[in-house]
Structure formats: structure tokens, C-alpha cells
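Novice: My questions will all concern the structure given below.
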Amino acid sequence: MRRYSAFAIAREALRHHTGWERAWRSPEPKKRYNVIVIGAGGHGLATAYYLGKNYGIRDIAVLEKGWLGGGNTGRNTTIIRSNYLQDPSAAIYEKSRSLYETFSQDLNYNAMFSPRGVMMLAQTQHEIRGYQRTAHANVLQGVQTEFISPERVKEIVPIINVGGPRYPVLGALWQPRAGSARHDAIAWGYARACSGMGMDIIQKCEVTGVRSEGGVVTGVNTSKGDIDCEKLAIVVAGHSGHLAGMAGFRLPIESVALQALVSEPIKPCMDCVVMANTVHGYMSQSDKGEMVIGGGADGYNNYTQRGSFHHIEETIRALVETFPMISRLKMMRMWGGIVDMTGDRSPIISKTPLGNIFINCGWGTGGFKSIPGSGWAMAELVAKGEPGPLAAEFGLDRFKEGRFIDESVAAGVAH
Ligand SMILES: Cc1cc2nc3c(=O)[nH]c(=O)nc-3n(C[C@H](O)[C@H](O)[C@H](O)COP(=O)(O)OP(=O)(O)OC[C@H]3O[C@@H](n4cnc5c(N)ncnc54)[C@H](O)[C@@H]3O)c2cc1C
């Protein structure tokens, strides 16, 4: 795999860009692999990448029923932050955020990571107390956040109306090194690196069955034929319940659609991400100038991977008091993804009732930010057969034992 560089751009400019090679190969599946990863979203690809990079395991196929990055990874609003309340969450999200900082250099692929700062508005007394508590917890966890005043909020985000009649801004939890990145580039960067290490990324290959013998996985049935493997990693977000069903076990997961929309492009007006969790909405501005807007998840379980009109109205109505300028904007596009929600709003990175099958899911509305950290932790679990320190608390057994990692304040609407 040739490295991307300023020199390569100059060389290709001189020869009319005829020398670029494909970013990843599109091979047919082999009969057998050491590891099969189901799902070429960010988490699946990151798992494969860190298996190769950290453990030297390269006989890997990543199977994707659609196109890589076409699930939630290519549909999210790209917020990256690590200001979670509980210690295990802060550890994995902060690991992830720090890996994002060096992603472009590590993978030789421009992820457009922009640490522009993320602000979570406190618009009720309850939220003030909640975010002050999180800020204190973050100090102990080594995550850099602070609780800021309404005046400071206005200074950072001049377009905001801090004196709204229903929900005035009373302060905010501010994480200056949080931000956003280009979501497709994360999937593409990992895919290119995996392919460069000799792994097979097989698109349009749907897994239709999981085979096992004596309680241990032996392979999968797919739309491109049967493939054997020694280890299987299921990393399919909103389809996790379906895949677990194929393997013969159940998950404490609900799948719902989550939607987002973008406005027409306008001049730069907001250079950080603002989340307003009381009113259910959040907003940032893309590099193209569009206002990227998201709201809450659907109130009922479904697999509807598309937008719906009532969400536009609900989300804009929620945000318009705090951002009066959006009342004049035309909305251009909206879409949906199927997210996988657990009861405690924390992920699952776990062994399963079947030997050598591992599952990574439950990131719900907030798993873009965790892709590198999750891939790192999942690779350790798959390689060693036991979770390392980052994944130890996120096992399936916590639901049996009542050891919940309650992030219902930090997650949910707050992506
Ligand atoms: C509208 C929206 C906004 C969001 N905003 C944010 C945000 O701002 N910040 C944040 O951190 N998170 C956000 N998220 C959540 C985030 O996008 C997800 O948590 C994350 O992308 C999940 O990644 P993944 O790799 O697990 O899943 P996916 O990207 O969905 O990948 C799973 C893949 O598995 C494939 N698959 C499924 N079944 C099969 C099968 N049988 N065989 C083969 N392949 C299969 C799918 O086609 C899919 O490509 C948002 C999500 C949505 C929908």
C-alpha cells in the first residue's frame, strides 16, 4: 500500500492522477479464516485493524451485507467527547478520543478530526447539579472538562439565546478537546489499513446463519457461501439481536431509529458543538457550512433506516428558542440509522454463551466517538479470549448480576 503524502499528490498531479491505487481490495471470500468480523462499520473495522496492529492477527475477513460504513457509521452527527460520569465509561471514551487525536497520522488517512469543543447546556436546576457532578467526576478521571457560566457560554457561542423564556441557559459542561471528525473517513481509513495488512473486506456479503459444534463456533453461512472460522466477532449495532438469534442466544438490546438532518449551507457562525439535552436537540456546523442537527431516538422499537417528517418539526421546535436563527433556515436532507440501546445506556463488549463468539454492541446513540477505543478493547478480547481493563466492566453478565453502568444522563439524547 503506497503512503499518501504531499509528494504523492505532486507526483500524481504531474501524471494526471493515473497512478492512485484502490484504497482497499474487493476479494472473493476464502473458505476459512482465523477470525471473521461481521459488520464493516467503524467498530467492526477498528476491531480488525487493532487485531492486526496490536496482536499480529491478519487472517481476517470483515463481512458486510451492504457497503462499508453504510450503517450508523456513515449516518451519525460525528460528535466525539469523553465527559461521561462512570469510571469505566470515561476510561474507554477518553482512550478513544485520544486515539482520534492521532488517527490521521497513525493510519495515514485524513480523518478531519476537529477538536473544536463540545458544550452540554444546563437548562434546568437538575441539569446544573448533574453536570457539576460530572465535571467533578471528570477531574478524578483525568478527563479535561469544566462547568462554565451562561456569560462564558455566550462568549463561545454568540448565536445562542441564553435568556430564553422557557429554558434559559444556566451554564454548561464544556469539554474543550472534544469535537468531531469526518465519519466516512474513519471507516475508509480503517478499511484501507486493514486491506493493506492483507485482510479481506467483503462487501455485499450478508451473514444468514451461524454454525457451531459442541457449543463452539465453526463458521457462518453467507450470501456468498459458507465460510469457516476459529473465532467470530459480531459487530452489527442495530442488527445485534438478529445476529445473536442466529447464534442461539438473546441480548438485552432494543433497536430503534435515530434521525438527523442538515440545513442549507450558511457562513461560519458556530465553531463548537452544542447539545441541549433538556429540550432534545443538538447542533454543530459542518465544514461545508450546513448546520448539522440531531434530536432524540424514536419512541418505539423499529428497524426503519430512514427519516420522518415529524422529527424535523419536533427537533427544530425544541432548538428554536435557544437558537432563534434556525427558524429562517431551509432544511436540506434528513436520514435515519438503527441504533442498539441497552437499559443502562452502556455498551456490551463481551464473551457470549457460545465459545469463541464475541459481541460488541449497545453503543446506542453515541458510538461514533468510541470507535477507536472500542476496536482496541474488542481486539484484545478476541485475541486473548478474555477482556482487558477497558472492556472488563462491559460484559453481558452485568445484566444478570445487576452491576449496571448507568449512563442515562450522559447518553440517550446526548450523543
Ligand atoms: C442519526 C444518528 C446520529 C448519531 N450521532 C452520533 C454522534 O454524534 N456521536 C456518536 O458518538 N455517535 C452517534 N451516533 C451513533 C453511532 O453512529 C453508532 O453508535 C456507531 O456508528 C455504531 O457503529 P457500528 O460500527 O457498531 O455500527 P454500523 O456502522 O451500523 O455497522 C454495522 C454494520 O453491520 C452490517 N450488518 C448488519 N447485519 C449484517 C449481516 N447479517 N451480515 C453482514 N453485515 C451486517 C450493517 O450493514 C452495518 O454496515 C449516531 C447515530 C445515528 C443513527
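Convention: chains lettered A, B, ... in C-alpha cells order; per-chain residue numbering from 1; ligands numbered from 1 as shown.
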Around ligand 1, at most 7 Å away and counting only C-alpha atoms and all ligand atoms, which residues are there? Put them as a compact mmCIF listing (two decimals) with N, CA and C atoms, in the first residue's frame, please.

Specialist:
```
# COMPACT_ATOMS: atom_id res chain seq x y z
N ILE A 38 -18.21 -9.74 11.70
CA ILE A 38 -19.45 -9.42 10.95
C ILE A 38 -19.75 -7.94 11.18
N GLY A 39 -19.83 -7.18 10.08
CA GLY A 39 -20.16 -5.76 10.16
C GLY A 39 -18.96 -4.89 9.84
N ALA A 40 -18.99 -4.24 8.66
CA ALA A 40 -17.92 -3.30 8.30
C ALA A 40 -18.36 -1.88 8.59
N GLY A 41 -18.83 -1.66 9.82
CA GLY A 41 -18.98 -0.30 10.33
C GLY A 41 -17.67 0.07 11.00
N GLY A 42 -17.65 1.23 11.65
CA GLY A 42 -16.43 1.67 12.31
C GLY A 42 -15.93 0.67 13.34
N HIS A 43 -16.84 0.14 14.16
CA HIS A 43 -16.42 -0.75 15.25
C HIS A 43 -15.85 -2.06 14.72
N GLY A 44 -16.49 -2.62 13.67
CA GLY A 44 -16.00 -3.88 13.10
C GLY A 44 -14.64 -3.69 12.46
N LEU A 63 -17.04 -9.12 7.06
CA LEU A 63 -18.18 -9.36 6.17
C LEU A 63 -19.22 -8.28 6.35
N GLU A 64 -19.67 -7.71 5.25
CA GLU A 64 -20.62 -6.58 5.30
C GLU A 64 -21.76 -6.84 4.34
N LYS A 65 -22.99 -6.74 4.84
CA LYS A 65 -24.12 -7.06 3.96
C LYS A 65 -24.39 -5.95 2.93
N GLY A 66 -24.04 -4.72 3.26
CA GLY A 66 -24.23 -3.61 2.32
C GLY A 66 -22.88 -3.12 1.83
N TRP A 67 -22.62 -1.82 2.05
CA TRP A 67 -21.31 -1.27 1.70
C TRP A 67 -20.65 -0.79 2.99
N LEU A 68 -19.32 -0.79 3.00
CA LEU A 68 -18.65 -0.50 4.26
C LEU A 68 -18.91 0.95 4.69
N GLY A 69 -19.19 1.10 5.97
CA GLY A 69 -19.52 2.42 6.51
C GLY A 69 -20.94 2.88 6.16
N GLY A 70 -21.76 2.00 5.59
CA GLY A 70 -23.11 2.39 5.17
C GLY A 70 -24.16 2.29 6.26
N GLY A 71 -23.77 1.76 7.42
CA GLY A 71 -24.71 1.69 8.56
C GLY A 71 -24.64 2.98 9.36
N ASN A 72 -24.71 2.86 10.66
CA ASN A 72 -24.71 4.06 11.52
C ASN A 72 -23.42 4.86 11.39
N THR A 73 -22.33 4.18 11.05
CA THR A 73 -21.05 4.88 10.95
C THR A 73 -21.11 6.01 9.93
N GLY A 74 -21.84 5.80 8.84
CA GLY A 74 -21.96 6.86 7.82
C GLY A 74 -23.20 7.72 8.01
N ARG A 75 -23.91 7.55 9.13
CA ARG A 75 -25.19 8.27 9.30
C ARG A 75 -25.21 9.13 10.55
N ASN A 76 -24.12 9.19 11.27
CA ASN A 76 -24.20 9.90 12.56
C ASN A 76 -23.79 11.36 12.43
N THR A 77 -23.87 12.07 13.54
CA THR A 77 -23.58 13.50 13.52
C THR A 77 -22.18 13.81 14.08
N THR A 78 -21.37 12.77 14.21
CA THR A 78 -19.92 12.83 14.40
C THR A 78 -19.42 13.48 15.70
N ILE A 79 -20.26 13.54 16.71
CA ILE A 79 -19.79 14.15 17.96
C ILE A 79 -18.83 13.21 18.69
N ILE A 80 -17.71 13.76 19.09
CA ILE A 80 -16.69 12.99 19.83
C ILE A 80 -16.46 13.69 21.16
N CYS A 205 -22.05 -9.08 1.33
CA CYS A 205 -21.95 -10.46 1.81
C CYS A 205 -22.71 -10.54 3.14
N GLU A 206 -23.96 -10.95 3.05
CA GLU A 206 -24.80 -10.97 4.26
C GLU A 206 -24.63 -12.29 5.01
N VAL A 207 -24.43 -12.19 6.30
CA VAL A 207 -24.40 -13.40 7.12
C VAL A 207 -25.84 -13.83 7.39
N THR A 208 -26.14 -15.09 7.05
CA THR A 208 -27.52 -15.57 7.19
C THR A 208 -27.64 -16.67 8.25
N VAL A 235 -20.36 -7.50 15.25
CA VAL A 235 -20.25 -6.06 15.50
C VAL A 235 -21.22 -5.34 14.55
N VAL A 236 -22.53 -5.50 14.81
CA VAL A 236 -23.52 -5.07 13.82
C VAL A 236 -24.54 -4.06 14.37
N ALA A 237 -24.23 -3.38 15.46
CA ALA A 237 -25.08 -2.30 16.01
C ALA A 237 -26.55 -2.72 16.08
N GLY A 238 -27.42 -2.02 15.33
CA GLY A 238 -28.87 -2.23 15.44
C GLY A 238 -29.33 -3.63 15.04
N HIS A 239 -28.48 -4.41 14.38
CA HIS A 239 -28.88 -5.77 13.99
C HIS A 239 -28.35 -6.82 14.95
N LEU A 243 -28.52 -11.09 14.85
CA LEU A 243 -27.35 -11.97 14.73
C LEU A 243 -27.22 -12.89 15.94
N ALA A 257 -34.91 3.58 15.56
CA ALA A 257 -34.34 4.52 14.59
C ALA A 257 -33.95 5.81 15.30
N LEU A 258 -32.83 6.38 14.88
CA LEU A 258 -32.39 7.68 15.36
C LEU A 258 -32.16 8.55 14.12
N GLN A 259 -32.66 9.78 14.15
CA GLN A 259 -32.63 10.60 12.94
C GLN A 259 -31.81 11.87 13.11
N ALA A 260 -31.39 12.42 11.98
CA ALA A 260 -30.67 13.69 11.98
C ALA A 260 -30.99 14.42 10.68
N GLY A 294 -29.47 17.19 15.28
CA GLY A 294 -30.00 15.88 15.67
C GLY A 294 -30.89 16.00 16.87
N TRP A 335 -32.15 11.83 7.51
CA TRP A 335 -31.90 10.40 7.34
C TRP A 335 -32.03 9.73 8.70
N GLY A 336 -31.94 8.41 8.71
CA GLY A 336 -32.02 7.68 9.99
C GLY A 336 -31.06 6.50 10.01
N GLY A 337 -30.74 6.05 11.20
CA GLY A 337 -29.93 4.84 11.38
C GLY A 337 -30.60 4.01 12.47
N ILE A 338 -30.24 2.73 12.54
CA ILE A 338 -30.86 1.87 13.56
C ILE A 338 -29.87 1.68 14.70
N VAL A 339 -30.21 2.25 15.86
CA VAL A 339 -29.26 2.18 16.97
C VAL A 339 -29.69 1.12 17.98
N CYS A 361 -21.63 -4.36 21.00
CA CYS A 361 -22.86 -3.67 20.58
C CYS A 361 -23.34 -2.77 21.74
N TRP A 363 -23.92 0.46 21.70
CA TRP A 363 -23.39 1.83 21.74
C TRP A 363 -24.49 2.85 21.54
N GLY A 364 -25.66 2.38 21.14
CA GLY A 364 -26.84 3.22 21.09
C GLY A 364 -26.66 4.47 20.25
N THR A 365 -27.00 5.61 20.84
CA THR A 365 -26.96 6.86 20.09
C THR A 365 -25.57 7.49 20.09
N GLY A 366 -24.59 6.83 20.74
CA GLY A 366 -23.31 7.53 20.94
C GLY A 366 -22.06 6.75 20.66
N GLY A 367 -22.09 5.87 19.65
CA GLY A 367 -20.93 5.02 19.45
C GLY A 367 -19.95 5.46 18.38
N PHE A 368 -20.17 6.61 17.75
CA PHE A 368 -19.16 7.05 16.78
C PHE A 368 -17.89 7.45 17.53
N LYS A 369 -18.08 8.18 18.61
CA LYS A 369 -16.95 8.70 19.39
C LYS A 369 -16.08 7.58 19.95
N SER A 370 -16.65 6.38 20.07
CA SER A 370 -15.92 5.32 20.77
C SER A 370 -15.26 4.34 19.81
N HIS A 415 -25.39 12.55 22.35
CA HIS A 415 -24.64 11.57 21.57
C HIS A 415 -23.20 11.62 21.90
```

Novice: Return as a JSON list (two decimals) with C-alpha atoms, in the first residue's frame the full set of residues in stretch 96-345 of chain A whose backbone-based DSSP assignment is helix (DSSP H, G or I).

Specialist:
```
[["chain", "number", "residue", "atom", "x", "y", "z"],
["A", 96, "SER", "CA", -11.00, 6.64, 22.06],
["A", 97, "ARG", "CA", -10.81, 10.44, 21.99],
["A", 98, "SER", "CA", -7.06, 10.30, 22.40],
["A", 99, "LEU", "CA", -6.76, 7.76, 19.53],
["A", 100, "TYR", "CA", -8.82, 10.15, 17.37],
["A", 101, "GLU", "CA", -6.24, 12.88, 18.04],
["A", 103, "PHE", "CA", -5.80, 8.86, 13.84],
["A", 104, "SER", "CA", -4.74, 10.73, 10.70],
["A", 105, "GLN", "CA", -1.04, 10.22, 11.39],
["A", 106, "ASP", "CA", -1.39, 6.62, 12.65],
["A", 107, "LEU", "CA", -3.45, 5.48, 9.66],
["A", 125, "GLN", "CA", -31.57, 23.22, 38.09],
["A", 126, "HIS", "CA", -31.44, 19.45, 37.87],
["A", 127, "GLU", "CA", -29.05, 19.63, 34.91],
["A", 128, "ILE", "CA", -26.78, 22.11, 36.72],
["A", 129, "ARG", "CA", -26.39, 19.63, 39.58],
["A", 130, "GLY", "CA", -25.92, 16.71, 37.16],
["A", 131, "TYR", "CA", -23.23, 18.41, 35.08],
["A", 132, "GLN", "CA", -21.38, 19.82, 38.09],
["A", 133, "ARG", "CA", -21.23, 16.27, 39.42],
["A", 134, "THR", "CA", -19.93, 15.02, 36.06],
["A", 135, "ALA", "CA", -17.31, 17.81, 35.97],
["A", 136, "HIS", "CA", -16.06, 16.73, 39.42],
["A", 137, "ALA", "CA", -16.01, 13.05, 38.35],
["A", 138, "ASN", "CA", -14.10, 14.01, 35.19],
["A", 139, "VAL", "CA", -11.40, 15.74, 37.25],
["A", 140, "LEU", "CA", -10.82, 12.50, 39.14],
["A", 141, "GLN", "CA", -10.81, 10.50, 35.89],
["A", 150, "PRO", "CA", -24.01, 31.48, 30.93],
["A", 151, "GLU", "CA", -21.77, 34.51, 30.15],
["A", 152, "ARG", "CA", -18.94, 32.21, 29.06],
["A", 153, "VAL", "CA", -21.44, 30.16, 27.00],
["A", 154, "LYS", "CA", -22.50, 33.32, 25.16],
["A", 155, "GLU", "CA", -18.86, 34.27, 24.59],
["A", 156, "ILE", "CA", -18.09, 30.89, 22.97],
["A", 183, "HIS", "CA", -17.39, 9.80, 9.73],
["A", 184, "ASP", "CA", -16.82, 8.16, 6.31],
["A", 185, "ALA", "CA", -13.11, 8.82, 6.60],
["A", 186, "ILE", "CA", -12.96, 6.78, 9.80],
["A", 187, "ALA", "CA", -14.45, 3.74, 8.05],
["A", 188, "TRP", "CA", -12.39, 4.31, 4.91],
["A", 189, "GLY", "CA", -9.14, 4.86, 6.84],
["A", 190, "TYR", "CA", -9.53, 1.63, 8.81],
["A", 191, "ALA", "CA", -10.63, -0.29, 5.70],
["A", 192, "ARG", "CA", -7.58, 0.86, 3.76],
["A", 193, "ALA", "CA", -5.24, -0.05, 6.60],
["A", 194, "CYS", "CA", -6.88, -3.47, 7.09],
["A", 195, "SER", "CA", -6.70, -4.24, 3.38],
["A", 196, "GLY", "CA", -3.06, -3.10, 3.41],
["A", 237, "ALA", "CA", -25.08, -2.30, 16.01],
["A", 238, "GLY", "CA", -28.87, -2.23, 15.44],
["A", 239, "HIS", "CA", -28.88, -5.77, 13.99],
["A", 240, "SER", "CA", -27.20, -7.34, 17.03],
["A", 241, "GLY", "CA", -30.38, -9.00, 18.33],
["A", 242, "HIS", "CA", -30.90, -10.58, 14.92],
["A", 243, "LEU", "CA", -27.35, -11.97, 14.73],
["A", 244, "ALA", "CA", -27.45, -13.19, 18.34],
["A", 245, "GLY", "CA", -30.67, -15.00, 17.42],
["A", 246, "MET", "CA", -28.80, -16.80, 14.62],
["A", 247, "ALA", "CA", -26.18, -17.91, 17.13],
["A", 309, "PHE", "CA", -41.30, 14.42, 8.88],
["A", 310, "HIS", "CA", -42.48, 14.67, 12.48],
["A", 311, "HIS", "CA", -38.86, 14.51, 13.70],
["A", 312, "ILE", "CA", -37.93, 17.62, 11.73],
["A", 313, "GLU", "CA", -40.69, 19.55, 13.43],
["A", 314, "GLU", "CA", -40.02, 18.14, 16.92],
["A", 315, "THR", "CA", -36.28, 18.79, 16.78],
["A", 316, "ILE", "CA", -36.46, 22.27, 15.28],
["A", 317, "ARG", "CA", -39.24, 23.25, 17.68],
["A", 318, "ALA", "CA", -37.01, 22.11, 20.56],
["A", 319, "LEU", "CA", -33.97, 24.11, 19.44],
["A", 324, "PRO", "CA", -33.63, 31.66, 17.07],
["A", 325, "MET", "CA", -31.59, 31.95, 13.83],
["A", 326, "ILE", "CA", -32.53, 28.41, 12.73],
["A", 327, "SER", "CA", -36.16, 29.48, 12.22],
["A", 328, "ARG", "CA", -35.02, 31.08, 8.93]]
```

Novice: Looking at A:Ile405, A:Val162, A:Ala13, A:Ala46, which one is nearest to A:Asn360, with distances taken over only C-alpha atoms?

Specialist: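 The shortest atom-to-atom distance to A:Asn360 comes from A:Ala46.
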
Novice: May I have the residues within 7 Å of A:Met275 as an NGL selection string, using only C-alpha atoms and disregarding those fewer than 6 positions away in the same chain?

Specialist: :A and (119-121 or 281-283 or 414)

Novice: Give the answer as one residue: which of A:Asp298, A:Glu264, A:Asp87, A:Asp340 has the shortest atom-to-atom distance to A:His280, using only C-alpha atoms?

Specialist: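 Closest to A:His280 of all the choices is A:Asp298.
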
Novice: Using only C-alpha atoms, pick whichever of A:Ala91, A:Gln123, A:Ile159, A:Arg398 has the shortest atom-to-atom distance to A:Ala172.

Specialist: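 Looking only at the distances to A:Ala172, the closest residue turns out to be A:Gln123.
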
Novice: Using only C-alpha atoms, which residue out of A:Arg333, A:Lys384, A:Arg306, A:Arg22 lies closest to A:Asn54?

Specialist: A:Lys384

Novice: Using atom CA of A:Glu146 and atom CA of A:Gln86 as the two end points, give the distance in Å to one decimal.

Specialist: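 Separation of atom CA of A:Glu146 and atom CA of A:Gln86: 16.4 Å.
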
Novice: With only C-alpha atoms as the basis for distance, which of A:Ala379, A:Val37, A:Val274, A:Ile202 is at the shortest distance from A:Arg116?

Specialist: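 Closest to A:Arg116, using only C-alpha atoms: A:Val274.
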
Novice: So that I can check the surroundings of A:Leu354, please list as a PyMOL selection string every protein, DNA and RNA residue that reaches within 8 Å of it, counting only C-alpha atoms and ignoring chain neighbours fewer than 4 positions away.

Specialist: chain A and resi 215-217+247

Novice: Take the residues that were just selected and, keeping N, CA and C atoms, output them as a PDB file, in the first residue's frame.

Specialist:
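Dumped to result-v9.pdb:
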```
ATOM      1  N   GLY A 215     -21.022 -26.379  21.101  1.00  0.00           N
ATOM      2  CA  GLY A 215     -21.035 -25.084  21.805  1.00  0.00           C
ATOM      3  C   GLY A 215     -19.911 -24.146  21.398  1.00  0.00           C
ATOM      4  N   VAL A 216     -19.180 -24.476  20.331  1.00  0.00           N
ATOM      5  CA  VAL A 216     -18.087 -23.606  19.861  1.00  0.00           C
ATOM      6  C   VAL A 216     -18.336 -23.262  18.388  1.00  0.00           C
ATOM      7  N   VAL A 217     -18.096 -22.022  18.025  1.00  0.00           N
ATOM      8  CA  VAL A 217     -18.365 -21.594  16.646  1.00  0.00           C
ATOM      9  C   VAL A 217     -17.467 -22.337  15.645  1.00  0.00           C
ATOM     10  N   ALA A 247     -27.140 -17.117  16.359  1.00  0.00           N
ATOM     11  CA  ALA A 247     -26.177 -17.912  17.129  1.00  0.00           C
ATOM     12  C   ALA A 247     -26.855 -18.641  18.291  1.00  0.00           C
TER      13      ALA A 247
END
```

Novice: Name all residues at most 8 Å from A:Glu407 (count only C-alpha atoms; drop same-chain ones fewer than 4 positions away) and give them as a PyMOL selection string.

Specialist: chain A and resi 84-86+344-346+411

Novice: Could you write those residues out with C-alpha atoms, as a PDB file, in the first residue's frame?

Specialist:
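File result.pdb, as written:
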```pdb
ATOM      1  CA  TYR A  84     -19.086  10.514  30.951  1.00  0.00           C
ATOM      2  CA  LEU A  85     -19.945  10.031  34.608  1.00  0.00           C
ATOM      3  CA  GLN A  86     -18.887   6.476  35.420  1.00  0.00           C
ATOM      4  CA  ASP A 344     -28.163   1.243  31.319  1.00  0.00           C
ATOM      5  CA  ARG A 345     -27.153   3.075  28.104  1.00  0.00           C
ATOM      6  CA  SER A 346     -23.679   1.495  28.222  1.00  0.00           C
ATOM      7  CA  ALA A 411     -26.069   9.136  26.862  1.00  0.00           C
TER       8      ALA A 411
END
```

Novice: Check the smallest atom-to-atom distance from each of A:Asn161, A:Ser350, A:Ser82, A:Asn301 to A:Glu380 using only C-alpha atoms, then report the winner.

Specialist: A:Ser350

Novice: Enumerate as a PyMOL selection string all residues of stretch 204-348 of chain A assigned to strand (DSSP E) by DSSP on the backbone, naming them with the chain letters and numbers the document uses.

Specialist: chain A and resi 207-213+216-222+225-234+254-265+273-276+281-285+290-297+331-341+348

Novice: Export, as a short mmCIF file (atom, residue, chain, number, x, y, z; two decimals), in the first residue's frame, the selected residues with C-alpha atoms.

Specialist:
```
data_model
loop_
_atom_site.label_atom_id
_atom_site.label_comp_id
_atom_site.auth_asym_id
_atom_site.auth_seq_id
_atom_site.Cartn_x
_atom_site.Cartn_y
_atom_site.Cartn_z
CA VAL A 207 -24.40 -13.40 7.12
CA THR A 208 -27.52 -15.57 7.19
CA GLY A 209 -26.56 -18.20 9.76
CA VAL A 210 -24.00 -19.00 12.45
CA ARG A 211 -22.68 -22.58 12.67
CA SER A 212 -21.35 -24.23 15.82
CA GLU A 213 -20.36 -27.66 17.11
CA VAL A 216 -18.09 -23.61 19.86
CA VAL A 217 -18.36 -21.59 16.65
CA THR A 218 -17.22 -23.26 13.41
CA GLY A 219 -18.29 -20.72 10.78
CA VAL A 220 -21.04 -18.70 9.14
CA ASN A 221 -23.46 -19.09 6.24
CA THR A 222 -23.46 -16.10 3.95
CA GLY A 225 -21.42 -19.27 0.56
CA ASP A 226 -20.30 -20.92 3.80
CA ILE A 227 -17.12 -19.65 5.46
CA ASP A 228 -15.34 -21.38 8.35
CA CYS A 229 -13.58 -19.58 11.18
CA GLU A 230 -11.94 -20.18 14.53
CA LYS A 231 -13.27 -17.01 16.12
CA LEU A 232 -16.29 -14.84 15.34
CA ALA A 233 -16.82 -11.19 16.28
CA ILE A 234 -20.37 -9.84 15.90
CA GLU A 254 -33.68 -2.70 21.81
CA SER A 255 -33.30 -1.40 18.25
CA VAL A 256 -34.76 1.99 17.36
CA ALA A 257 -34.34 4.52 14.59
CA LEU A 258 -32.39 7.68 15.36
CA GLN A 259 -32.63 10.60 12.94
CA ALA A 260 -30.67 13.69 11.98
CA LEU A 261 -30.93 16.49 9.43
CA VAL A 262 -28.85 19.24 7.84
CA SER A 263 -29.73 22.76 6.78
CA GLU A 264 -28.69 24.67 3.71
CA PRO A 265 -25.06 25.86 3.95
CA VAL A 273 -20.78 21.50 19.12
CA VAL A 274 -23.73 22.43 21.34
CA MET A 275 -26.07 19.89 22.92
CA ALA A 276 -29.33 20.86 24.61
CA GLY A 281 -31.65 18.67 20.29
CA TYR A 282 -28.06 19.40 19.36
CA MET A 283 -26.25 21.27 16.63
CA SER A 284 -22.87 21.85 15.01
CA GLN A 285 -21.71 23.37 11.74
CA GLU A 290 -24.54 23.20 6.84
CA MET A 291 -25.99 23.19 10.34
CA VAL A 292 -25.95 19.52 11.42
CA ILE A 293 -28.92 18.93 13.71
CA GLY A 294 -30.00 15.88 15.67
CA GLY A 295 -32.65 15.01 18.17
CA GLY A 296 -33.92 12.07 20.20
CA ALA A 297 -34.49 8.47 19.19
CA MET A 331 -33.58 22.07 5.84
CA MET A 332 -31.92 20.10 3.04
CA ARG A 333 -31.67 16.44 3.96
CA MET A 334 -32.63 14.05 6.72
CA TRP A 335 -31.90 10.40 7.34
CA GLY A 336 -32.02 7.68 9.99
CA GLY A 337 -29.93 4.84 11.38
CA ILE A 338 -30.86 1.87 13.56
CA VAL A 339 -29.26 2.18 16.97
CA ASP A 340 -28.88 -0.52 19.62
CA MET A 341 -29.92 0.58 23.10
CA ILE A 348 -21.56 -4.55 25.60
#
```

Novice: Set the distance at 12 Å and use only C-alpha atoms: which residues neighbour A:Gly56 once local chain neighbours fewer than 3 positions away are removed? I'd like the list as JSON, numbers by chain.

Specialist: {"A": [34, 48, 49, 50, 51, 52, 53, 59, 60, 194, 197, 198, 199, 379, 380, 383]}

Novice: Just write the chosen residues, N, CA and C atoms, as a PDB file, in the first residue's frame.

Specialist:
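File written: selection-v3.pdb
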```
ATOM      1  N   ASN A  34      -9.005 -17.258  10.208  1.00  0.00           N
ATOM      2  CA  ASN A  34      -8.795 -17.345  11.653  1.00  0.00           C
ATOM      3  C   ASN A  34      -9.924 -16.601  12.376  1.00  0.00           C
ATOM      4  N   ALA A  48     -10.864  -5.236  13.536  1.00  0.00           N
ATOM      5  CA  ALA A  48      -9.946  -5.941  12.641  1.00  0.00           C
ATOM      6  C   ALA A  48      -8.580  -5.240  12.618  1.00  0.00           C
ATOM      7  N   TYR A  49      -8.608  -3.906  12.557  1.00  0.00           N
ATOM      8  CA  TYR A  49      -7.354  -3.145  12.473  1.00  0.00           C
ATOM      9  C   TYR A  49      -6.466  -3.391  13.709  1.00  0.00           C
ATOM     10  N   TYR A  50      -7.069  -3.297  14.908  1.00  0.00           N
ATOM     11  CA  TYR A  50      -6.238  -3.459  16.108  1.00  0.00           C
ATOM     12  C   TYR A  50      -5.861  -4.927  16.339  1.00  0.00           C
ATOM     13  N   LEU A  51      -6.662  -5.884  15.801  1.00  0.00           N
ATOM     14  CA  LEU A  51      -6.226  -7.292  15.853  1.00  0.00           C
ATOM     15  C   LEU A  51      -4.926  -7.435  15.068  1.00  0.00           C
ATOM     16  N   GLY A  52      -4.877  -6.767  13.917  1.00  0.00           N
ATOM     17  CA  GLY A  52      -3.671  -6.835  13.092  1.00  0.00           C
ATOM     18  C   GLY A  52      -2.526  -6.050  13.707  1.00  0.00           C
ATOM     19  N   LYS A  53      -2.823  -4.839  14.125  1.00  0.00           N
ATOM     20  CA  LYS A  53      -1.747  -3.943  14.579  1.00  0.00           C
ATOM     21  C   LYS A  53      -1.204  -4.361  15.952  1.00  0.00           C
ATOM     22  N   ASP A  59      -5.178 -12.968   9.440  1.00  0.00           N
ATOM     23  CA  ASP A  59      -6.020 -13.855   8.630  1.00  0.00           C
ATOM     24  C   ASP A  59      -7.483 -13.582   9.017  1.00  0.00           C
ATOM     25  N   ILE A  60      -7.976 -12.438   8.538  1.00  0.00           N
ATOM     26  CA  ILE A  60      -9.274 -11.929   8.993  1.00  0.00           C
ATOM     27  C   ILE A  60     -10.140 -11.573   7.787  1.00  0.00           C
ATOM     28  N   CYS A 194      -6.648  -2.020   6.948  1.00  0.00           N
ATOM     29  CA  CYS A 194      -6.884  -3.475   7.091  1.00  0.00           C
ATOM     30  C   CYS A 194      -6.520  -4.185   5.790  1.00  0.00           C
ATOM     31  N   MET A 197      -2.981  -4.616   5.323  1.00  0.00           N
ATOM     32  CA  MET A 197      -2.360  -5.674   6.142  1.00  0.00           C
ATOM     33  C   MET A 197      -2.709  -7.065   5.603  1.00  0.00           C
ATOM     34  N   GLY A 198      -3.465  -7.119   4.500  1.00  0.00           N
ATOM     35  CA  GLY A 198      -3.787  -8.423   3.891  1.00  0.00           C
ATOM     36  C   GLY A 198      -5.137  -8.988   4.305  1.00  0.00           C
ATOM     37  N   MET A 199      -5.916  -8.217   5.060  1.00  0.00           N
ATOM     38  CA  MET A 199      -7.244  -8.719   5.458  1.00  0.00           C
ATOM     39  C   MET A 199      -8.219  -8.563   4.296  1.00  0.00           C
ATOM     40  N   ALA A 379     -10.499  -5.978  20.136  1.00  0.00           N
ATOM     41  CA  ALA A 379      -9.382  -6.756  19.581  1.00  0.00           C
ATOM     42  C   ALA A 379      -8.695  -7.537  20.702  1.00  0.00           C
ATOM     43  N   GLU A 380      -8.531  -6.896  21.851  1.00  0.00           N
ATOM     44  CA  GLU A 380      -7.893  -7.573  22.987  1.00  0.00           C
ATOM     45  C   GLU A 380      -8.733  -8.777  23.425  1.00  0.00           C
ATOM     46  N   ALA A 383      -8.495 -11.518  20.700  1.00  0.00           N
ATOM     47  CA  ALA A 383      -7.157 -12.115  20.634  1.00  0.00           C
ATOM     48  C   ALA A 383      -6.872 -12.999  21.844  1.00  0.00           C
TER      49      ALA A 383
END
```

Novice: Atom CA of A:Gln305 and atom CA of A:Phe394, how far apart in Å?

Specialist: 26.9 Å
